[in-house]
Amino acid sequence: MLRHAPEFKLPCGLPVLAYHLLCFCALAALTLASAWSAAVVLVLVWVWQVVGLYATVASLSRPNYDKSRQKYKTHSELYSTNGVSILKPLHGVPQRLATNLEEYFRLRYPAYELLLCIQEERGQGELLRLIARLMEKYPHVDATVSVGCMGDWGINPKVCNMGTGYARAKYDLIWIADANIVCSDCVLQDMVERFAADPDECGLVHQVPWMISGPGRSPHDPYSMEGYISGGSVLDRWYFATGHARGYFGVNYMLFTCLNGMSAMVRKTHMEALGGLRHFAQFVAEDSEIGVAMDTHGYKTHLCRHAGLQNLAETTFAVFIDRRVRWARLRYNMPKIAPGGPWEILIESHFCAMLCVASLCWHLGVGPMTVPV
């Protein structure tokens, strides 16, 4: 939570800046002390990178939509008896929302409802007109506009926005999908199958965030499913497909549940055992707290075989940097994960590995051209 953000201290009282300096000094000491210590750090860095890369490649499968359509015929009872309530928090009409939202109306899943959560009707005329057109075009879809904000729940605006939809969800399986998350029957089937295979123990199935690559037809095409490439958009795409994905898979496979709440399916009965959605409205990073709670209470969590595709918006370098800084500030104010902040240099970049290579070259007396290579 950000209530104590200006202080920037860890739970032990140590300032974050001092903790960073201590960690970097320790890494520098290990890297420069001897050839053996530099080799150890180098191996640790690359083991993490290789494990994350392997987990990314091994976990994701290419969607086969023909097989997905066929599964509705061969496994009709499985899907018809495991209905899904889709919570879609919305605000305004961002780029490509029209095409994104229509895909949810075109799902062929036999038992699902679409709950479009809006905080208030005031100022949302364009969004309400878009929803009305889609509901008129697809009258067979069980779609509801859930207007209201549970402001007394807590400080998280997204969770408070979804409160009314969560309360009226009629199915036990709830898929929380952000406004820019692309849906498909492949994703829905895989999530439901993982819950159905272990209904008592499985509490969460989530997707690694990804981004659809561009370019679109024009810089400002609201109906393009692909994003037009700009400076910040390129960084967003690279970040989610490289540094973020490796760390996301590595942490989830080897350490604990690391949840990015852009796309996640939960079982409502299990969520209620954790205090319900209302309990997590008191946290700014509700997704991280949900993952911790699932692990603490012994529920199993799984990663979906398909990435959580996002419509790539046209952003600037400043927007990309501001979000990364905002996420870093948030992590430093979360007691459970703040101590791991400085170690991102081992996860999201090769800077430490380059230092290790330079150190090894120095200690072993290798030619000076090896370092820049």
# chains A, B, ... in the order shown; residues from 1 in each chain; ligands from 1
call {"tool": "residues_around", "arguments": {"residues": "range 83-89 of chain A", "least_positions_apart": "5", "cutoff": "9 Å", "atoms": "only C-alpha atoms", "output": "ChimeraX atom specification"}}
result
/A:104,109-119,158-159,161-162,165-166,169-179,188,192,265
call {"tool": "write_last_selection", "arguments": {"atoms": "N, CA, C and O atoms", "output": "short mmCIF file (atom, residue, chain, number, x, y, z; two decimals), in the first residue's frame"}}
result
data_model
loop_
_atom_site.label_atom_id
_atom_site.label_comp_id
_atom_site.auth_asym_id
_atom_site.auth_seq_id
_atom_site.Cartn_x
_atom_site.Cartn_y
_atom_site.Cartn_z
N TYR A 104 -15.51 -10.68 -26.93
CA TYR A 104 -16.14 -11.33 -25.78
C TYR A 104 -17.59 -11.72 -26.10
O TYR A 104 -18.10 -12.72 -25.59
N TYR A 109 -18.29 -20.28 -26.01
CA TYR A 109 -18.39 -21.06 -24.78
C TYR A 109 -19.87 -21.20 -24.41
O TYR A 109 -20.61 -20.21 -24.41
N PRO A 110 -20.33 -22.42 -24.06
CA PRO A 110 -21.77 -22.65 -23.88
C PRO A 110 -22.39 -22.01 -22.65
O PRO A 110 -23.61 -21.80 -22.62
N ALA A 111 -21.61 -21.71 -21.62
CA ALA A 111 -22.20 -21.18 -20.38
C ALA A 111 -21.31 -20.08 -19.82
O ALA A 111 -20.37 -20.36 -19.06
N TYR A 112 -21.60 -18.86 -20.19
CA TYR A 112 -20.85 -17.74 -19.64
C TYR A 112 -21.74 -16.50 -19.60
O TYR A 112 -22.70 -16.37 -20.36
N GLU A 113 -21.40 -15.61 -18.70
CA GLU A 113 -22.06 -14.31 -18.63
C GLU A 113 -20.99 -13.23 -18.66
O GLU A 113 -19.87 -13.42 -18.18
N LEU A 114 -21.35 -12.10 -19.23
CA LEU A 114 -20.42 -10.99 -19.38
C LEU A 114 -20.91 -9.84 -18.51
O LEU A 114 -21.99 -9.29 -18.73
N LEU A 115 -20.11 -9.50 -17.49
CA LEU A 115 -20.45 -8.43 -16.57
C LEU A 115 -19.53 -7.24 -16.84
O LEU A 115 -18.33 -7.29 -16.53
N LEU A 116 -20.08 -6.21 -17.45
CA LEU A 116 -19.33 -5.02 -17.82
C LEU A 116 -19.44 -4.01 -16.70
O LEU A 116 -20.50 -3.40 -16.49
N CYS A 117 -18.36 -3.83 -15.96
CA CYS A 117 -18.38 -3.04 -14.73
C CYS A 117 -17.97 -1.59 -15.01
O CYS A 117 -16.87 -1.33 -15.51
N ILE A 118 -18.86 -0.67 -14.67
CA ILE A 118 -18.63 0.76 -14.85
C ILE A 118 -18.88 1.46 -13.52
O ILE A 118 -19.87 1.19 -12.85
N GLN A 119 -17.97 2.33 -13.15
CA GLN A 119 -18.09 2.98 -11.85
C GLN A 119 -19.32 3.87 -11.76
O GLN A 119 -20.06 3.83 -10.78
N LYS A 158 -9.90 -0.27 -9.11
CA LYS A 158 -10.32 -1.36 -9.99
C LYS A 158 -11.18 -2.36 -9.23
O LYS A 158 -12.23 -2.79 -9.73
N VAL A 159 -10.75 -2.76 -8.05
CA VAL A 159 -11.51 -3.74 -7.26
C VAL A 159 -12.85 -3.16 -6.84
O VAL A 159 -13.88 -3.85 -6.90
N ASN A 161 -14.53 -0.97 -8.42
CA ASN A 161 -15.34 -0.91 -9.63
C ASN A 161 -15.97 -2.26 -9.92
O ASN A 161 -17.12 -2.33 -10.39
N MET A 162 -15.25 -3.34 -9.66
CA MET A 162 -15.76 -4.68 -9.96
C MET A 162 -16.66 -5.23 -8.86
O MET A 162 -17.22 -6.31 -9.00
N GLY A 165 -20.30 -6.15 -9.88
CA GLY A 165 -20.31 -7.30 -10.77
C GLY A 165 -19.97 -8.59 -10.05
O GLY A 165 -20.58 -9.63 -10.29
N TYR A 166 -19.00 -8.52 -9.15
CA TYR A 166 -18.61 -9.71 -8.37
C TYR A 166 -19.78 -10.18 -7.51
O TYR A 166 -20.01 -11.39 -7.38
N ALA A 169 -22.37 -12.06 -9.73
CA ALA A 169 -21.92 -13.16 -10.58
C ALA A 169 -22.65 -14.45 -10.21
O ALA A 169 -22.71 -14.84 -9.04
N LYS A 170 -23.20 -15.12 -11.20
CA LYS A 170 -24.01 -16.31 -10.94
C LYS A 170 -23.22 -17.61 -11.07
O LYS A 170 -23.73 -18.68 -10.74
N TYR A 171 -22.00 -17.54 -11.60
CA TYR A 171 -21.17 -18.73 -11.72
C TYR A 171 -20.04 -18.69 -10.70
O TYR A 171 -19.60 -17.63 -10.28
N ASP A 172 -19.56 -19.88 -10.33
CA ASP A 172 -18.51 -19.97 -9.32
C ASP A 172 -17.14 -19.59 -9.89
O ASP A 172 -16.29 -19.09 -9.16
N LEU A 173 -16.95 -19.85 -11.17
CA LEU A 173 -15.69 -19.47 -11.82
C LEU A 173 -15.80 -18.03 -12.33
O LEU A 173 -16.75 -17.70 -13.06
N ILE A 174 -14.85 -17.20 -11.94
CA ILE A 174 -14.88 -15.78 -12.31
C ILE A 174 -13.58 -15.42 -13.01
O ILE A 174 -12.49 -15.60 -12.44
N TRP A 175 -13.71 -14.93 -14.23
CA TRP A 175 -12.54 -14.51 -15.00
C TRP A 175 -12.47 -12.99 -14.96
O TRP A 175 -13.35 -12.30 -15.46
N ILE A 176 -11.42 -12.45 -14.33
CA ILE A 176 -11.19 -11.01 -14.28
C ILE A 176 -10.26 -10.65 -15.43
O ILE A 176 -9.09 -11.07 -15.45
N ALA A 177 -10.77 -9.89 -16.38
CA ALA A 177 -10.00 -9.53 -17.58
C ALA A 177 -10.03 -8.02 -17.75
O ALA A 177 -11.10 -7.42 -17.88
N ASP A 178 -8.85 -7.40 -17.75
CA ASP A 178 -8.77 -5.95 -17.94
C ASP A 178 -9.30 -5.54 -19.30
O ASP A 178 -9.48 -6.37 -20.20
N ALA A 179 -9.51 -4.24 -19.46
CA ALA A 179 -10.13 -3.71 -20.67
C ALA A 179 -9.35 -4.04 -21.93
O ALA A 179 -9.93 -4.20 -23.01
N LEU A 188 -10.27 -19.62 -22.57
CA LEU A 188 -11.35 -19.97 -21.66
C LEU A 188 -11.39 -21.47 -21.40
O LEU A 188 -11.55 -21.91 -20.26
N VAL A 192 -10.68 -23.29 -17.66
CA VAL A 192 -11.75 -24.11 -17.08
C VAL A 192 -11.27 -25.54 -16.89
O VAL A 192 -11.57 -26.17 -15.86
N MET A 265 -8.36 -16.10 -13.51
CA MET A 265 -9.63 -16.76 -13.18
C MET A 265 -9.53 -17.33 -11.78
O MET A 265 -8.53 -17.99 -11.43
#
call {"tool": "closest_residue", "arguments": {"among": "A:Leu330, A:Val93, A:Cys160, A:Cys202", "to": "His279 in chain A", "atoms": "only C-alpha atoms"}}
result
A:Cys160
call {"tool": "select_by_dssp", "arguments": {"residues": "range 128-193 of chain A", "states": "strand (DSSP E)", "output": "PDB file with N, CA, C and O atoms, in the first residue's frame"}}
result
ATOM      1  N   ASP A 142     -25.495 -13.384 -22.676  1.00  0.00           N
ATOM      2  CA  ASP A 142     -25.923 -12.958 -21.335  1.00  0.00           C
ATOM      3  C   ASP A 142     -24.982 -11.857 -20.852  1.00  0.00           C
ATOM      4  O   ASP A 142     -24.004 -12.116 -20.159  1.00  0.00           O
ATOM      5  N   ALA A 143     -25.268 -10.623 -21.242  1.00  0.00           N
ATOM      6  CA  ALA A 143     -24.416  -9.491 -20.911  1.00  0.00           C
ATOM      7  C   ALA A 143     -25.170  -8.510 -20.029  1.00  0.00           C
ATOM      8  O   ALA A 143     -26.353  -8.235 -20.261  1.00  0.00           O
ATOM      9  N   THR A 144     -24.499  -7.980 -19.022  1.00  0.00           N
ATOM     10  CA  THR A 144     -25.096  -7.047 -18.077  1.00  0.00           C
ATOM     11  C   THR A 144     -24.133  -5.895 -17.821  1.00  0.00           C
ATOM     12  O   THR A 144     -22.931  -6.117 -17.641  1.00  0.00           O
ATOM     13  N   VAL A 145     -24.664  -4.685 -17.809  1.00  0.00           N
ATOM     14  CA  VAL A 145     -23.882  -3.520 -17.417  1.00  0.00           C
ATOM     15  C   VAL A 145     -24.056  -3.327 -15.919  1.00  0.00           C
ATOM     16  O   VAL A 145     -25.151  -3.035 -15.443  1.00  0.00           O
ATOM     17  N   SER A 146     -22.996  -3.524 -15.177  1.00  0.00           N
ATOM     18  CA  SER A 146     -23.028  -3.403 -13.719  1.00  0.00           C
ATOM     19  C   SER A 146     -22.445  -2.049 -13.326  1.00  0.00           C
ATOM     20  O   SER A 146     -21.238  -1.835 -13.393  1.00  0.00           O
ATOM     21  N   VAL A 147     -23.319  -1.139 -12.948  1.00  0.00           N
ATOM     22  CA  VAL A 147     -22.912   0.226 -12.612  1.00  0.00           C
ATOM     23  C   VAL A 147     -22.847   0.389 -11.102  1.00  0.00           C
ATOM     24  O   VAL A 147     -23.775  -0.001 -10.381  1.00  0.00           O
ATOM     25  N   LEU A 173     -16.946 -19.845 -11.172  1.00  0.00           N
ATOM     26  CA  LEU A 173     -15.691 -19.466 -11.819  1.00  0.00           C
ATOM     27  C   LEU A 173     -15.804 -18.035 -12.327  1.00  0.00           C
ATOM     28  O   LEU A 173     -16.746 -17.704 -13.058  1.00  0.00           O
ATOM     29  N   ILE A 174     -14.855 -17.197 -11.937  1.00  0.00           N
ATOM     30  CA  ILE A 174     -14.882 -15.780 -12.309  1.00  0.00           C
ATOM     31  C   ILE A 174     -13.576 -15.422 -13.006  1.00  0.00           C
ATOM     32  O   ILE A 174     -12.492 -15.596 -12.441  1.00  0.00           O
ATOM     33  N   TRP A 175     -13.705 -14.926 -14.230  1.00  0.00           N
ATOM     34  CA  TRP A 175     -12.539 -14.509 -14.997  1.00  0.00           C
ATOM     35  C   TRP A 175     -12.470 -12.987 -14.958  1.00  0.00           C
ATOM     36  O   TRP A 175     -13.351 -12.295 -15.463  1.00  0.00           O
ATOM     37  N   ILE A 176     -11.423 -12.451 -14.332  1.00  0.00           N
ATOM     38  CA  ILE A 176     -11.189 -11.015 -14.276  1.00  0.00           C
ATOM     39  C   ILE A 176     -10.257 -10.652 -15.427  1.00  0.00           C
ATOM     40  O   ILE A 176      -9.094 -11.070 -15.451  1.00  0.00           O
ATOM     41  N   ALA A 177     -10.771  -9.890 -16.382  1.00  0.00           N
ATOM     42  CA  ALA A 177     -10.004  -9.528 -17.579  1.00  0.00           C
ATOM     43  C   ALA A 177     -10.025  -8.016 -17.745  1.00  0.00           C
ATOM     44  O   ALA A 177     -11.095  -7.420 -17.880  1.00  0.00           O
TER      45      ALA A 177
END
call {"tool": "residues_around", "arguments": {"residues": "range 362-366 of chain A", "least_positions_apart": "2", "cutoff": "6 Å", "atoms": "only C-alpha atoms", "output": "ChimeraX atom specification"}}
result
/A:35,359-360
call {"tool": "residues_around", "arguments": {"residues": "range 298-303 of chain A", "least_positions_apart": "2", "cutoff": "8 Å", "atoms": "only C-alpha atoms", "output": "ChimeraX atom specification"}}
result
/A:59,194,201-208,257,294-296,305
call {"tool": "residues_around", "arguments": {"residues": "range 72-74 of chain A", "least_positions_apart": "2", "cutoff": "12 Å", "atoms": "only C-alpha atoms", "output": "PyMOL selection string"}}
result
chain A and resi 65-70+76-80+107-111+185-186+188-189
call {"tool": "select_by_dssp", "arguments": {"residues": "range 79-302 of chain A", "states": "helix (DSSP H, G or I)", "output": "PyMOL selection string"}}
result
chain A and resi 79-80+97-105+125-137+157-168+185-197+231-241+243-254+268-273+276-282+286-296
call {"tool": "residues_around", "arguments": {"residues": "Val182 in chain A", "least_positions_apart": "6", "cutoff": "8 Å", "atoms": "only C-alpha atoms", "output": "list in words"}}
result
Asn100, Glu103, Gly308, Leu309, Gln310 and Asn311 of chain A
call {"tool": "write_last_selection", "arguments": {"atoms": "N, CA, C and O atoms", "output": "PDB file, in the first residue's frame"}}
result
ATOM      1  N   ASN A 100     -11.943  -5.192 -29.317  1.00  0.00           N
ATOM      2  CA  ASN A 100     -11.616  -6.048 -28.175  1.00  0.00           C
ATOM      3  C   ASN A 100     -12.883  -6.552 -27.502  1.00  0.00           C
ATOM      4  O   ASN A 100     -13.040  -7.746 -27.232  1.00  0.00           O
ATOM      5  N   GLU A 103     -15.070  -9.245 -29.256  1.00  0.00           N
ATOM      6  CA  GLU A 103     -14.610 -10.628 -29.195  1.00  0.00           C
ATOM      7  C   GLU A 103     -15.221 -11.368 -28.011  1.00  0.00           C
ATOM      8  O   GLU A 103     -15.429 -12.582 -28.078  1.00  0.00           O
ATOM      9  N   GLY A 308      -1.681 -13.894 -22.043  1.00  0.00           N
ATOM     10  CA  GLY A 308      -2.742 -12.898 -21.963  1.00  0.00           C
ATOM     11  C   GLY A 308      -2.436 -11.745 -22.906  1.00  0.00           C
ATOM     12  O   GLY A 308      -1.773 -10.774 -22.539  1.00  0.00           O
ATOM     13  N   LEU A 309      -2.927 -11.852 -24.132  1.00  0.00           N
ATOM     14  CA  LEU A 309      -2.631 -10.840 -25.145  1.00  0.00           C
ATOM     15  C   LEU A 309      -3.303  -9.524 -24.801  1.00  0.00           C
ATOM     16  O   LEU A 309      -4.455  -9.486 -24.389  1.00  0.00           O
ATOM     17  N   GLN A 310      -2.564  -8.456 -25.003  1.00  0.00           N
ATOM     18  CA  GLN A 310      -3.086  -7.117 -24.788  1.00  0.00           C
ATOM     19  C   GLN A 310      -3.044  -6.348 -26.102  1.00  0.00           C
ATOM     20  O   GLN A 310      -2.110  -6.496 -26.882  1.00  0.00           O
ATOM     21  N   ASN A 311      -4.067  -5.534 -26.333  1.00  0.00           N
ATOM     22  CA  ASN A 311      -4.022  -4.636 -27.476  1.00  0.00           C
ATOM     23  C   ASN A 311      -2.939  -3.595 -27.234  1.00  0.00           C
ATOM     24  O   ASN A 311      -2.961  -2.895 -26.219  1.00  0.00           O
TER      25      ASN A 311
END
call {"tool": "atom_distance", "arguments": {"atom1": "CA of Arg106 in chain A", "atom2": "CA of Leu130 in chain A"}}
result
15.2 Å
call {"tool": "residues_around", "arguments": {"residues": "Arg278 in chain A", "least_positions_apart": "6", "cutoff": "12 Å", "atoms": "only C-alpha atoms", "output": "NGL selection string"}}
result
:A and (149-164 or 166-167 or 271-272 or 286 or 290)
